[in-house]
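Listing of model09.cif, mmCIF, C-alpha atoms
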```
data_entry
loop_
_atom_site.label_atom_id
_atom_site.label_comp_id
_atom_site.auth_asym_id
_atom_site.auth_seq_id
_atom_site.Cartn_x
_atom_site.Cartn_y
_atom_site.Cartn_z
CA MET O 1 -6.49 89.79 37.31
CA ARG O 2 -7.18 93.09 38.97
CA LEU O 3 -3.60 94.01 38.30
CA LEU O 4 -3.96 93.12 34.63
CA ILE O 5 -7.01 95.34 34.22
CA SER O 6 -5.44 98.30 35.89
CA ALA O 7 -2.35 97.82 33.76
CA ALA O 8 -4.55 97.77 30.66
CA LEU O 9 -6.39 100.89 31.83
CA SER O 10 -3.19 102.78 32.46
CA THR O 11 -1.97 101.82 28.97
CA LEU O 12 -5.23 103.18 27.51
CA ALA O 13 -4.88 106.38 29.50
CA ALA O 14 -1.31 106.76 28.36
CA SER O 15 -2.13 106.28 24.69
CA SER O 16 -5.07 108.69 24.77
CA SER O 17 -2.96 111.36 26.42
CA LEU O 18 -0.50 111.05 23.55
CA ALA O 19 -3.19 111.37 20.90
CA SER O 20 -4.45 114.70 19.63
CA GLU O 21 -8.22 114.93 19.65
CA ALA O 22 -10.74 116.62 17.40
CA THR O 23 -14.25 116.98 18.73
CA ILE O 24 -16.87 118.23 16.30
CA SER O 25 -20.18 119.46 17.55
CA ILE O 26 -22.98 120.05 15.05
CA ASP O 27 -26.30 121.76 15.57
CA ILE O 28 -29.04 120.54 13.31
CA PRO O 29 -31.71 123.23 13.46
CA GLN O 30 -35.37 122.61 14.10
CA LEU O 31 -37.15 123.87 10.99
CA ASP O 32 -40.73 124.96 10.67
CA VAL O 33 -41.52 123.36 7.33
CA VAL O 34 -44.48 121.37 6.02
CA GLU O 35 -42.43 118.40 4.86
CA TYR O 36 -39.36 117.67 6.95
CA HIS O 37 -36.69 115.09 6.32
CA LYS O 38 -33.59 114.82 8.44
CA PRO O 39 -30.63 116.18 6.50
CA TYR O 40 -27.91 114.16 4.85
CA VAL O 41 -24.61 115.34 6.34
CA ALA O 42 -21.06 114.73 5.19
CA MET O 43 -17.97 115.91 7.02
CA TRP O 44 -14.45 115.66 5.82
CA VAL O 45 -11.01 117.18 6.22
CA GLU O 46 -9.25 118.60 3.20
CA GLN O 47 -5.79 120.09 2.79
CA ALA O 48 -5.87 123.90 2.79
CA ASP O 49 -4.91 123.90 -0.90
CA GLY O 50 -7.95 121.73 -1.68
CA GLY O 51 -5.82 118.62 -2.11
CA LYS O 52 -6.11 115.31 -0.30
CA ILE O 53 -9.38 114.47 1.42
CA THR O 54 -9.98 112.51 4.61
CA ASN O 55 -13.59 111.47 5.10
CA LEU O 56 -14.85 111.67 8.68
CA ALA O 57 -18.53 110.78 8.56
CA VAL O 58 -21.55 110.54 6.28
CA TRP O 59 -25.04 110.54 7.72
CA TYR O 60 -27.59 109.30 5.25
CA ASP O 61 -30.72 107.20 5.08
CA VAL O 62 -28.93 103.88 5.61
CA HIS O 63 -32.16 102.12 6.63
CA HIS O 64 -33.99 102.73 3.36
CA LYS O 65 -34.97 99.47 1.68
CA LYS O 66 -32.52 98.10 -0.88
CA ASN O 67 -30.03 100.86 0.03
CA GLU O 68 -32.17 103.30 -1.96
CA GLY O 69 -31.08 106.10 0.36
CA THR O 70 -27.95 106.35 -1.78
CA LYS O 71 -30.08 108.06 -4.46
CA TRP O 72 -29.77 111.40 -2.64
CA LEU O 73 -26.07 111.21 -1.77
CA LYS O 74 -25.30 113.29 -4.86
CA ASP O 75 -27.24 116.17 -3.26
CA LEU O 76 -24.25 116.56 -0.94
CA ARG O 77 -22.85 118.12 -4.08
CA GLN O 78 -19.39 119.11 -3.11
CA TRP O 79 -18.76 115.95 -1.10
CA TRP O 80 -20.10 113.89 -4.00
CA ARG O 81 -17.79 115.58 -6.51
CA ARG O 82 -14.73 115.58 -4.27
CA THR O 83 -14.93 112.06 -2.87
CA GLY O 84 -18.42 110.54 -2.54
CA ARG O 85 -18.71 109.23 -6.07
CA GLU O 86 -15.49 107.25 -5.57
CA LEU O 87 -16.88 105.38 -2.56
CA THR O 88 -19.25 102.49 -2.05
CA MET O 89 -22.02 103.17 0.45
CA PRO O 90 -22.72 102.11 3.12
CA ALA O 91 -19.09 102.14 4.28
CA ASP O 92 -17.89 100.69 7.60
CA GLY O 93 -16.80 103.32 10.09
CA LEU O 94 -17.95 106.13 7.81
CA SER O 95 -21.69 105.99 7.17
CA SER O 96 -24.42 106.05 9.77
CA PRO O 97 -28.11 107.08 9.96
CA THR O 98 -29.31 110.67 9.64
CA ARG O 99 -29.71 112.62 12.90
CA ALA O 100 -32.69 114.50 14.31
CA PRO O 101 -32.59 118.23 15.10
CA GLY O 102 -30.38 118.91 18.12
CA THR O 103 -26.68 118.98 18.96
CA HIS O 104 -24.56 116.04 17.94
CA GLN O 105 -21.00 115.35 18.85
CA VAL O 106 -18.43 113.22 17.07
CA LYS O 107 -14.89 112.65 18.27
CA PHE O 108 -11.77 111.59 16.42
CA ASP O 109 -8.19 111.20 17.57
CA SER O 110 -4.82 110.91 15.93
CA ALA O 111 -4.35 107.36 17.23
CA GLY O 112 -7.14 105.86 15.16
CA LYS O 113 -8.91 105.99 11.82
CA PRO O 114 -9.46 108.23 9.96
CA LEU O 115 -7.10 110.85 11.41
CA GLU O 116 -4.10 108.60 12.08
CA GLY O 117 -2.69 109.24 8.63
CA LEU O 118 -3.12 113.02 8.76
CA THR O 119 0.32 114.56 8.27
CA PRO O 120 1.15 117.86 10.03
CA GLY O 121 -0.13 120.85 8.06
CA LYS O 122 -2.96 123.26 7.30
CA TYR O 123 -6.42 121.85 6.79
CA ARG O 124 -10.10 122.69 6.56
CA LEU O 125 -12.93 120.86 8.21
CA VAL O 126 -15.84 120.87 5.74
CA ILE O 127 -19.41 120.06 6.73
CA GLU O 128 -22.09 119.82 4.07
CA ALA O 129 -25.77 119.26 4.74
CA ALA O 130 -28.52 118.62 2.19
CA ARG O 131 -32.16 118.04 2.99
CA GLU O 132 -34.74 116.32 0.80
CA VAL O 133 -37.25 118.94 -0.45
CA GLY O 134 -35.07 121.44 1.39
CA GLY O 135 -31.79 123.24 0.83
CA ARG O 136 -28.08 122.68 1.03
CA GLU O 137 -25.44 124.37 3.15
CA LEU O 138 -21.69 124.02 3.43
CA LEU O 139 -19.46 125.28 6.24
CA LYS O 140 -15.68 125.34 6.50
CA ILE O 141 -13.45 125.67 9.52
CA PRO O 142 -9.69 126.10 8.97
CA PHE O 143 -7.32 124.46 11.43
CA GLU O 144 -3.77 123.26 11.89
CA TRP O 145 -2.91 119.66 12.67
CA PRO O 146 -1.67 118.50 15.08
CA PRO O 147 -2.84 121.20 17.52
CA LYS O 148 -0.10 122.77 19.65
CA ALA O 149 -2.54 124.07 22.26
CA PRO O 150 -6.23 123.53 22.97
CA ALA O 151 -8.28 125.52 20.48
CA THR O 152 -11.93 125.98 19.65
CA SER O 153 -13.25 127.46 16.43
CA GLU O 154 -16.73 127.59 15.01
CA ALA O 155 -18.78 128.37 11.94
CA LYS O 156 -22.43 129.36 11.94
CA GLY O 157 -24.90 128.06 9.42
CA GLU O 158 -27.90 130.06 8.30
CA ARG O 159 -30.39 127.50 7.04
CA GLU O 160 -29.58 123.81 7.08
CA LEU O 161 -26.91 123.88 9.77
CA GLY O 162 -26.70 125.66 13.09
CA THR O 163 -23.39 126.22 14.84
CA VAL O 164 -20.58 123.84 14.07
CA THR O 165 -17.73 123.77 16.59
CA LEU O 166 -14.33 122.19 16.18
CA LYS O 167 -12.50 121.62 19.46
CA LEU O 168 -8.89 120.55 19.23
CA THR O 169 -6.80 119.22 22.08
CA PRO O 170 -3.14 118.27 21.77
CA MET I 171 -57.34 131.12 -45.45
CA THR I 172 -56.24 134.55 -46.55
CA ASN I 173 -53.65 134.87 -49.28
CA HIS I 174 -51.46 136.66 -46.78
CA LEU I 175 -51.50 133.75 -44.39
CA LYS I 176 -50.93 131.29 -47.25
CA LEU I 177 -47.85 133.23 -48.25
CA ALA I 178 -46.62 133.25 -44.70
CA LEU I 179 -47.10 129.50 -44.43
CA ILE I 180 -45.29 128.92 -47.72
CA ALA I 181 -42.45 131.09 -46.50
CA ALA I 182 -42.36 129.10 -43.28
CA ALA I 183 -42.35 125.83 -45.21
CA VAL I 184 -39.54 127.06 -47.44
CA SER I 185 -37.49 128.12 -44.45
CA LEU I 186 -37.92 124.61 -43.05
CA LEU I 187 -36.41 123.29 -46.27
CA ALA I 188 -33.38 125.52 -46.03
CA PRO I 189 -30.22 124.26 -44.35
CA PRO I 190 -30.98 124.23 -40.61
CA ALA I 191 -31.65 127.84 -39.72
CA GLN I 192 -29.36 129.38 -37.12
CA ALA I 193 -32.38 130.76 -35.34
CA HIS I 194 -33.55 127.36 -34.20
CA ARG I 195 -31.58 125.37 -31.72
CA ALA I 196 -31.65 121.61 -31.48
CA TRP I 197 -31.05 119.99 -28.14
CA LEU I 198 -31.27 117.01 -25.83
CA LEU I 199 -32.11 117.67 -22.20
CA PRO I 200 -31.61 114.90 -19.62
CA SER I 201 -33.67 114.96 -16.41
CA ALA I 202 -30.41 114.62 -14.46
CA THR I 203 -26.72 114.44 -15.37
CA VAL I 204 -25.12 113.53 -12.04
CA LEU I 205 -26.67 110.58 -10.23
CA SER I 206 -25.98 108.41 -7.21
CA GLY I 207 -27.45 105.11 -6.06
CA SER I 208 -28.61 102.11 -8.03
CA ASP I 209 -31.60 101.16 -10.20
CA LEU I 210 -31.48 104.58 -11.82
CA TRP I 211 -33.48 105.97 -14.72
CA VAL I 212 -33.15 109.17 -16.67
CA THR I 213 -35.72 110.77 -18.94
CA VAL I 214 -34.50 112.81 -21.88
CA ASP I 215 -36.39 115.42 -23.88
CA GLY I 216 -35.39 116.42 -27.38
CA ALA I 217 -36.61 119.50 -29.20
CA ILE I 218 -35.84 122.14 -31.78
CA SER I 219 -36.70 125.56 -30.42
CA ASN I 220 -35.72 129.20 -30.27
CA ASP I 221 -35.72 129.53 -26.50
CA LEU I 222 -33.61 127.23 -24.38
CA PHE I 223 -34.80 124.90 -23.00
CA TYR I 224 -38.48 125.27 -23.84
CA PHE I 225 -40.66 123.20 -26.15
CA GLU I 226 -42.13 125.71 -28.57
CA HIS I 227 -41.31 124.75 -32.13
CA ASN I 228 -40.68 121.15 -33.17
CA ALA I 229 -39.93 117.76 -31.66
CA LEU I 230 -36.41 116.53 -32.28
CA PRO I 231 -36.55 113.50 -34.62
CA LEU I 232 -35.07 110.53 -32.78
CA ASP I 233 -34.70 108.19 -35.79
CA ASN I 234 -30.93 108.28 -35.38
CA LEU I 235 -30.74 108.15 -31.60
CA SER I 236 -28.12 106.05 -29.90
CA ILE I 237 -27.05 105.72 -26.28
CA ALA I 238 -23.52 104.57 -25.52
CA GLY I 239 -23.09 102.91 -22.11
CA PRO I 240 -19.94 103.17 -19.96
CA ASP I 241 -18.71 99.81 -21.34
CA GLY I 242 -19.13 101.04 -24.91
CA LYS I 243 -22.18 98.87 -25.53
CA ALA I 244 -25.39 100.45 -26.80
CA VAL I 245 -28.20 100.97 -24.30
CA ALA I 246 -31.74 100.67 -25.66
CA PRO I 247 -33.96 103.72 -25.17
CA GLU I 248 -37.40 102.99 -23.71
CA ASN I 249 -40.77 104.75 -23.83
CA LEU I 250 -39.85 106.61 -26.99
CA ALA I 251 -42.51 109.12 -27.90
CA LYS I 252 -42.82 112.06 -30.23
CA GLY I 253 -45.14 114.89 -29.35
CA ARG I 254 -45.95 118.09 -31.17
CA PHE I 255 -43.16 120.06 -29.52
CA ARG I 256 -40.85 117.49 -28.09
CA SER I 257 -39.61 113.94 -28.30
CA THR I 258 -38.88 111.96 -25.19
CA PHE I 259 -37.31 108.70 -24.09
CA ASP I 260 -36.07 106.98 -20.96
CA PHE I 261 -33.02 104.87 -20.38
CA LYS I 262 -31.79 102.74 -17.52
CA LEU I 263 -28.37 103.32 -15.98
CA ALA I 264 -27.67 99.69 -15.17
CA GLN I 265 -23.97 100.26 -14.50
CA PRO I 266 -21.92 103.09 -13.03
CA GLY I 267 -20.04 105.43 -15.34
CA THR I 268 -20.72 107.88 -18.11
CA TYR I 269 -23.42 107.51 -20.77
CA LYS I 270 -23.40 109.48 -24.01
CA LEU I 271 -26.65 110.33 -25.78
CA ILE I 272 -26.26 110.92 -29.49
CA VAL I 273 -28.65 112.06 -32.20
CA THR I 274 -27.14 112.36 -35.66
CA ASN I 275 -28.77 113.70 -38.77
CA GLN I 276 -27.66 113.84 -42.33
CA GLY I 277 -29.31 115.72 -45.15
CA VAL I 278 -28.64 117.24 -48.53
CA PHE I 279 -29.83 120.67 -49.57
CA ALA I 280 -29.78 121.85 -53.16
CA SER I 281 -30.71 125.11 -54.82
CA TYR I 282 -30.84 125.57 -58.57
CA LYS I 283 -32.42 127.53 -61.37
CA LEU I 284 -34.87 125.97 -63.79
CA ASP I 285 -36.38 128.04 -66.60
CA GLY I 286 -35.37 131.20 -64.79
CA GLU I 287 -37.01 130.15 -61.53
CA ASN I 288 -35.20 129.53 -58.25
CA LYS I 289 -35.82 126.06 -56.85
CA ARG I 290 -34.92 124.35 -53.64
CA TRP I 291 -34.73 120.72 -52.68
CA ARG I 292 -34.01 118.79 -49.54
CA GLY I 293 -33.56 115.05 -49.19
CA LYS I 294 -31.24 112.14 -48.78
CA PRO I 295 -27.85 111.85 -50.56
CA GLU I 296 -29.00 108.90 -52.68
CA GLU I 297 -32.03 110.84 -53.95
CA LEU I 298 -29.99 113.80 -55.13
CA ALA I 299 -29.14 112.59 -58.65
CA SER I 300 -32.76 112.00 -59.60
CA ALA I 301 -34.07 115.08 -57.80
CA ILE I 302 -32.22 117.72 -59.80
CA PRO I 303 -33.49 118.07 -63.40
CA ALA I 304 -30.85 117.77 -66.11
CA LYS I 305 -31.70 121.25 -67.41
CA ALA I 306 -31.07 122.87 -64.02
CA THR I 307 -28.41 125.54 -63.80
CA ASP I 308 -26.61 127.24 -60.88
CA VAL I 309 -26.83 124.04 -58.89
CA LYS I 310 -25.52 124.46 -55.37
CA VAL I 311 -25.45 121.42 -53.13
CA THR I 312 -24.75 121.36 -49.41
CA GLU I 313 -24.42 118.20 -47.39
CA SER I 314 -25.34 118.74 -43.76
CA ARG I 315 -24.21 116.45 -40.96
CA SER I 316 -25.24 117.25 -37.44
CA ARG I 317 -24.48 115.59 -34.14
CA ILE I 318 -26.38 116.45 -30.99
CA GLU I 319 -25.09 115.05 -27.72
CA SER I 320 -25.51 115.09 -23.98
CA PHE I 321 -23.84 113.24 -21.13
CA VAL I 322 -25.11 111.53 -17.99
CA THR I 323 -23.04 109.94 -15.22
CA SER I 324 -24.00 107.48 -12.51
CA GLY I 325 -21.42 107.36 -9.71
CA LYS I 326 -17.83 107.89 -10.77
CA PRO I 327 -17.37 109.51 -14.20
CA SER I 328 -15.74 107.32 -16.84
CA SER I 329 -14.12 108.31 -20.10
CA ASP I 330 -14.52 105.44 -22.56
CA THR I 331 -17.72 106.92 -24.01
CA LEU I 332 -16.06 110.29 -24.59
CA LYS I 333 -13.98 109.03 -27.52
CA PRO I 334 -14.90 110.45 -30.93
CA THR I 335 -15.96 108.33 -33.90
CA GLY I 336 -13.73 110.22 -36.33
CA VAL I 337 -16.63 111.23 -38.58
CA GLY I 338 -17.87 114.81 -38.83
CA LEU I 339 -17.59 117.50 -36.15
CA GLU I 340 -17.29 116.15 -32.62
CA MET I 341 -16.30 117.28 -29.15
CA ILE I 342 -13.72 115.55 -26.97
CA PRO I 343 -14.20 116.74 -23.40
CA VAL I 344 -10.88 117.51 -21.70
CA THR I 345 -12.82 118.45 -18.56
CA HIS I 346 -15.36 115.71 -17.94
CA PRO I 347 -18.80 117.02 -19.04
CA ASN I 348 -20.42 115.75 -15.84
CA ASN I 349 -17.86 117.42 -13.62
CA LEU I 350 -18.68 121.05 -14.38
CA VAL I 351 -19.14 123.64 -11.63
CA THR I 352 -19.44 127.40 -11.61
CA GLY I 353 -16.26 129.42 -11.53
CA GLU I 354 -13.96 126.60 -12.63
CA LYS I 355 -12.48 126.61 -16.10
CA ALA I 356 -13.74 123.80 -18.32
CA THR I 357 -11.86 122.73 -21.44
CA PHE I 358 -13.10 120.94 -24.55
CA ARG I 359 -11.67 120.02 -27.94
CA LEU I 360 -13.41 120.05 -31.28
CA VAL I 361 -12.34 117.58 -33.92
CA LEU I 362 -13.43 117.36 -37.55
CA ASP I 363 -13.10 113.84 -38.96
CA GLY I 364 -10.94 113.11 -35.93
CA LYS I 365 -8.48 115.95 -36.56
CA PRO I 366 -8.27 119.21 -34.57
CA ALA I 367 -10.89 121.72 -35.71
CA SER I 368 -9.02 124.99 -35.31
CA ASN I 369 -10.35 128.54 -35.42
CA VAL I 370 -13.95 127.42 -35.00
CA SER I 371 -16.39 129.69 -33.23
CA VAL I 372 -18.41 128.06 -30.45
CA GLU I 373 -21.65 129.61 -29.24
CA ILE I 374 -22.47 129.07 -25.57
CA VAL I 375 -25.95 129.95 -24.33
CA PRO I 376 -27.34 129.39 -20.84
CA GLY I 377 -30.87 127.99 -20.49
CA GLY I 378 -33.77 129.95 -19.05
CA ILE I 379 -33.96 132.43 -21.94
CA ARG I 380 -37.69 132.95 -21.46
CA TYR I 381 -37.22 134.74 -18.18
CA ARG I 382 -34.56 137.26 -19.14
CA ASP I 383 -34.23 140.05 -21.66
CA THR I 384 -30.72 139.32 -22.87
CA LEU I 385 -29.47 136.13 -24.45
CA ASN I 386 -26.29 136.15 -22.29
CA GLU I 387 -24.48 134.10 -24.90
CA SER I 388 -20.75 133.89 -25.01
CA LYS I 389 -18.40 132.92 -27.80
CA ALA I 390 -15.22 130.89 -27.69
CA THR I 391 -12.83 130.17 -30.54
CA THR I 392 -10.83 126.99 -30.83
CA ASP I 393 -7.04 127.22 -31.01
CA GLU I 394 -4.78 125.27 -33.40
CA THR I 395 -5.37 122.08 -31.38
CA GLY I 396 -9.17 122.54 -31.56
CA THR I 397 -9.25 123.42 -27.87
CA PHE I 398 -11.52 125.98 -26.24
CA SER I 399 -12.25 126.83 -22.62
CA VAL I 400 -15.26 128.19 -20.78
CA THR I 401 -15.73 129.37 -17.22
CA PHE I 402 -19.43 129.07 -16.56
CA PRO I 403 -20.61 132.00 -14.45
CA ASN I 404 -23.85 130.47 -13.16
CA PRO I 405 -25.21 127.00 -12.52
CA GLY I 406 -27.70 125.50 -14.96
CA PHE I 407 -27.91 123.81 -18.33
CA TYR I 408 -25.84 125.33 -21.12
CA TRP I 409 -26.19 124.84 -24.86
CA MET I 410 -22.97 124.82 -26.85
CA SER I 411 -22.85 124.63 -30.62
CA ALA I 412 -20.38 125.01 -33.45
CA SER I 413 -20.41 124.47 -37.20
CA VAL I 414 -17.79 124.16 -39.90
CA ARG I 415 -18.18 124.53 -43.67
CA ASP I 416 -15.73 122.89 -46.04
CA ASP I 417 -15.44 121.11 -49.40
CA LYS I 418 -14.93 117.64 -47.96
CA SER I 419 -18.37 116.26 -48.81
CA LYS I 420 -18.38 112.78 -50.35
CA ILE I 421 -21.05 114.10 -52.72
CA LYS I 422 -19.56 115.47 -55.94
CA ASP I 423 -19.28 119.27 -56.10
CA ALA I 424 -21.09 119.64 -52.80
CA ARG I 425 -20.16 121.83 -49.87
CA ARG I 426 -20.27 120.23 -46.44
CA ARG I 427 -21.67 121.72 -43.27
CA SER I 428 -20.81 119.89 -40.04
CA ILE I 429 -22.65 120.85 -36.89
CA TYR I 430 -21.96 119.81 -33.32
CA THR I 431 -24.28 120.64 -30.44
CA THR I 432 -24.20 119.60 -26.82
CA THR I 433 -26.12 120.32 -23.64
CA VAL I 434 -24.09 120.33 -20.43
CA GLU I 435 -25.15 120.90 -16.86
CA VAL I 436 -23.13 123.15 -14.56
CA LEU I 437 -23.64 122.69 -10.82
CA PRO I 438 -23.15 125.19 -8.00
CA GLN I 439 -19.93 124.89 -5.99
#
```
Whole structure given in structure tokens:
Amino acid sequence: MRLLISAALSTLAASSSLASEATISIDIPQLDVVEYHKPYVAMWVEQADGGKITNLAVWYDVHHKKNEGTKWLKDLRQWWRRTGRELTMPADGLSSPTRAPGTHQVKFDSAGKPLEGLTPGKYRLVIEAAREVGGRELLKIPFEWPPKAPATSEAKGERELGTVTLKLTP
Amino acid sequence: MTNHLKLALIAAAVSLLAPPAQAHRAWLLPSATVLSGSDLWVTVDGAISNDLFYFEHNALPLDNLSIAGPDGKAVAPENLAKGRFRSTFDFKLAQPGTYKLIVTNQGVFASYKLDGENKRWRGKPEELASAIPAKATDVKVTESRSRIESFVTSGKPSSDTLKPTGVGLEMIPVTHPNNLVTGEKATFRLVLDGKPASNVSVEIVPGGIRYRDTLNESKATTDETGTFSVTFPNPGFYWMSASVRDDKSKIKDARRRSIYTTTVEVLPQ
């Protein structure tokens, strides 16, 4: 039994070392406003020419009664126009609740969804945030996939987003 | 009432009788054009005004209002009301897709001379024969057909409602009217009785006129296929209108004026 587990662990280790990883870290700023709602956030990867889109995550008010939180999804304007309006929300593996101010990290790798189908090429990571009774902000980070060497790039938001960092490891 | 004021009021009344004056713009303005979620409602205002999109002249008559749902079936307007300056109604977006709001109007305008005096008349086509005295001379008759539209989409845009009826001047969106953003070229086609309306001038005016000194209108002209393109510089609601005059009225010896007007919303990138 012990042998089996260690064999399984070594298989896991082997597969993760083969997979390229993308770690996205997002700062949601603390805002001094009278009425605060946690922002809706969508992040996706698009081809550098604006072509095919791969959705990574959508944070919205999934707990609202009768799924009424979907009413504000269109405020993530670019995401809504590019891909959101084609989807049904909530969506397994894609949607999750909104996050409080602070730093949040999400990790994806080439071995699993949604990056497994990403063909080698030039891409942009796009992060869009929209806040009820607040504003909207959109940040883009260009990158190449799969990464040849470890790389970190970032974009700084001014209002609705703080620093967004994309860390790539081969 | 002073004679001066009386005269002014008569002049105003006469101008109301004239074929729709260019100075006044008719429009429908939805509370939203791009929506997500379910159990959605939209409120629409309708008015005839100088400034876009402000209520300052007349309510838009909604006697000939129709709402086409994404499946082609008519959607019933609710809470219809007509105020001094605007009309309003609500409708429910029970299914995803694109809804088209349509207000059509048809009228006949006649001018003639009777005993050396200039006369004017406005009414319905069937009233025309009895309205013009037999002794009248210099009779000029214009049939006016106008179509005012706007578009609203819940979820994914659909295109079934964008088809024209084949009667009068209409717009076939090549670029979906609820998929407009600043800086991207949008293309539309004008058709008259279902056929390309070529060489027609289209006036495009952004809303918010009250708070600027220039109208900022732009003009586009349709090509031989009736197609014209616009790249909207700023987000907001835009009013687009075109009219065509021809001799194709079903009324004998009458000229025909066909007017198409739409309100579209352009979103920031």
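With all atoms listed in the file as the basis for measurement, I:Lys326 is the residue among I:Lys326, I:Arg256, I:His194, I:Lys305 that approaches chain O most closely.
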List every residue of range 195-291 of chain I that has an atom at most 12 Å from any atom of range 372-387 of chain I, and for each one report the closest atom pair and its distance in Å to one decimal, counting all atoms listed in the file, with rows sorted by chain and then by increasing residue number, as a Markdown table.
```
| residue | atom | partner | partner_atom | distance |
| --- | --- | --- | --- | --- |
| I:Arg195 | CA | I:Val375 | CA | 10.4 |
| I:Trp197 | CA | I:Gly377 | CA | 11.1 |
| I:Leu199 | CA | I:Gly377 | CA | 10.5 |
| I:Ser219 | CA | I:Ile379 | CA | 11.3 |
| I:Asn220 | CA | I:Ile379 | CA | 9.1 |
| I:Asp221 | CA | I:Ile379 | CA | 5.7 |
| I:Leu222 | CA | I:Gly377 | CA | 4.8 |
| I:Phe223 | CA | I:Gly377 | CA | 5.6 |
| I:Tyr224 | CA | I:Arg380 | CA | 8.1 |
| I:Phe225 | CA | I:Arg380 | CA | 11.2 |
| I:Glu226 | CA | I:Arg380 | CA | 11.1 |
```
request  = Go ahead and compute the interatomic distance for CA of Glu46 in chain O and CA of Val126 in chain O, in Å to one decimal.
outcome  = 7.4 Å
request  = Decode the PyMOL selection byres ((chain O) within 8 of (chain I)) for the given file into explicit residues and return them as an MDAnalysis selection string.
outcome  = chainID O and resid 67:74 77:78 81 85:86
inquiry  = Taking 6 positions as the minimum chain separation for residues in the same chain, which residues sit within 8 Å of Ser257 in chain I when counting only C-alpha atoms? Answer as a PyMOL selection string.
reply    = chain I and resi 215-217+229-232+250-251
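Of note, CA of Phe407 in chain I and CA of Lys252 in chain I are spaced 22.4 Å apart.
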inquiry  = Since I can't run it myself right now, could you work out what the PyMOL selection byres ((chain O and resi 24) around 6) selects here and report it as a PyMOL selection string?
reply    = chain O and resi 23+25+105-106+165-166
task = Could you tell me which of O:Val133, O:Ile141, O:Met89, O:Ala149 comes closest to Ala48 in chain O if we count only C-alpha atoms?
result =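 Using only C-alpha atoms, the shortest distance to Ala48 in chain O belongs to O:Ile141.
Picture a line from CA of Pro90 in chain O to CA of Trp211 in chain I; it runs 21.2 Å.
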key: Residues in the PyMOL selection byres ((chain O and resi 170) around 12), expressed as an MDAnalysis selection string   = chainID O and resid 16:23 109:111 144:152 167:169
query = Can you list, as a PyMOL selection string, every protein, DNA or RNA residue that comes within 6 Å of Ile28 in chain O when you count all atoms listed in the file, leaving out same-chain residues fewer than 3 positions away?
reply = chain O and resi 101-102+161-162
query = Neighbours of Glu354 in chain I within 9 Å (all atoms listed in the file; same-chain residues fewer than 5 positions away dropped), as a list in words?
reply =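 My list of contacting residues is Val400, Thr401, Phe402 and Pro403 of chain I.
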inquiry  = Here is a test: counting only C-alpha atoms, which residue of I:Asn234, I:Thr357, I:Gln265, I:Ser371 is nearest to Ala390 in chain I?
reply    =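 Of I:Asn234, I:Thr357, I:Gln265, I:Ser371, the one nearest Ala390 in chain I is I:Ser371, counting only C-alpha atoms.
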Could you give me the centre and size, in Å to one decimal, of an axis-aligned box around all listed atoms of range 327-339 of chain I with 6 Å added on every side, as lines of an AutoDock Vina configuration file?
```
center_x = -15.8
center_y = 111.5
center_z = -26.5
size_x = 16.1
size_y = 24.1
size_z = 36.6
```
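When the distance limit is 8 Å and all atoms listed in the file are what count, the residues near Lys283 in chain I, minus those fewer than 3 positions from it on the same chain, are I:Gly286, I:Glu287, I:Asn288, I:Lys289, I:Ala306, I:Thr307, I:Asp308, I:Val309.
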inquiry  = Excluding Glu132 in chain O and its own-chain neighbours fewer than 4 positions away, which residues fall within 8 Å of it when counting all atoms listed in the file? Please give them as a VMD selection string.
reply    = chain O and resid 36 to 39 72
task = Could you tell me which of I:Ser300, I:Thr312, I:Ser281, I:Thr323 comes closest to Asp417 in chain I if we count all atoms listed in the file?
result =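 Residue with the minimum atom-to-atom distance to Asp417 in chain I: I:Thr312.
Among the candidates I:Thr213, I:Arg292, I:Ala244, I:Phe255, the residue lying nearest to Asn228 in chain I is I:Phe255 (atoms considered: all atoms listed in the file).
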note = Among O:Val41, O:Ala57, O:Leu118, O:Ala130, Thr98 in chain O is approached most closely, using all atoms listed in the file, by O:Val41
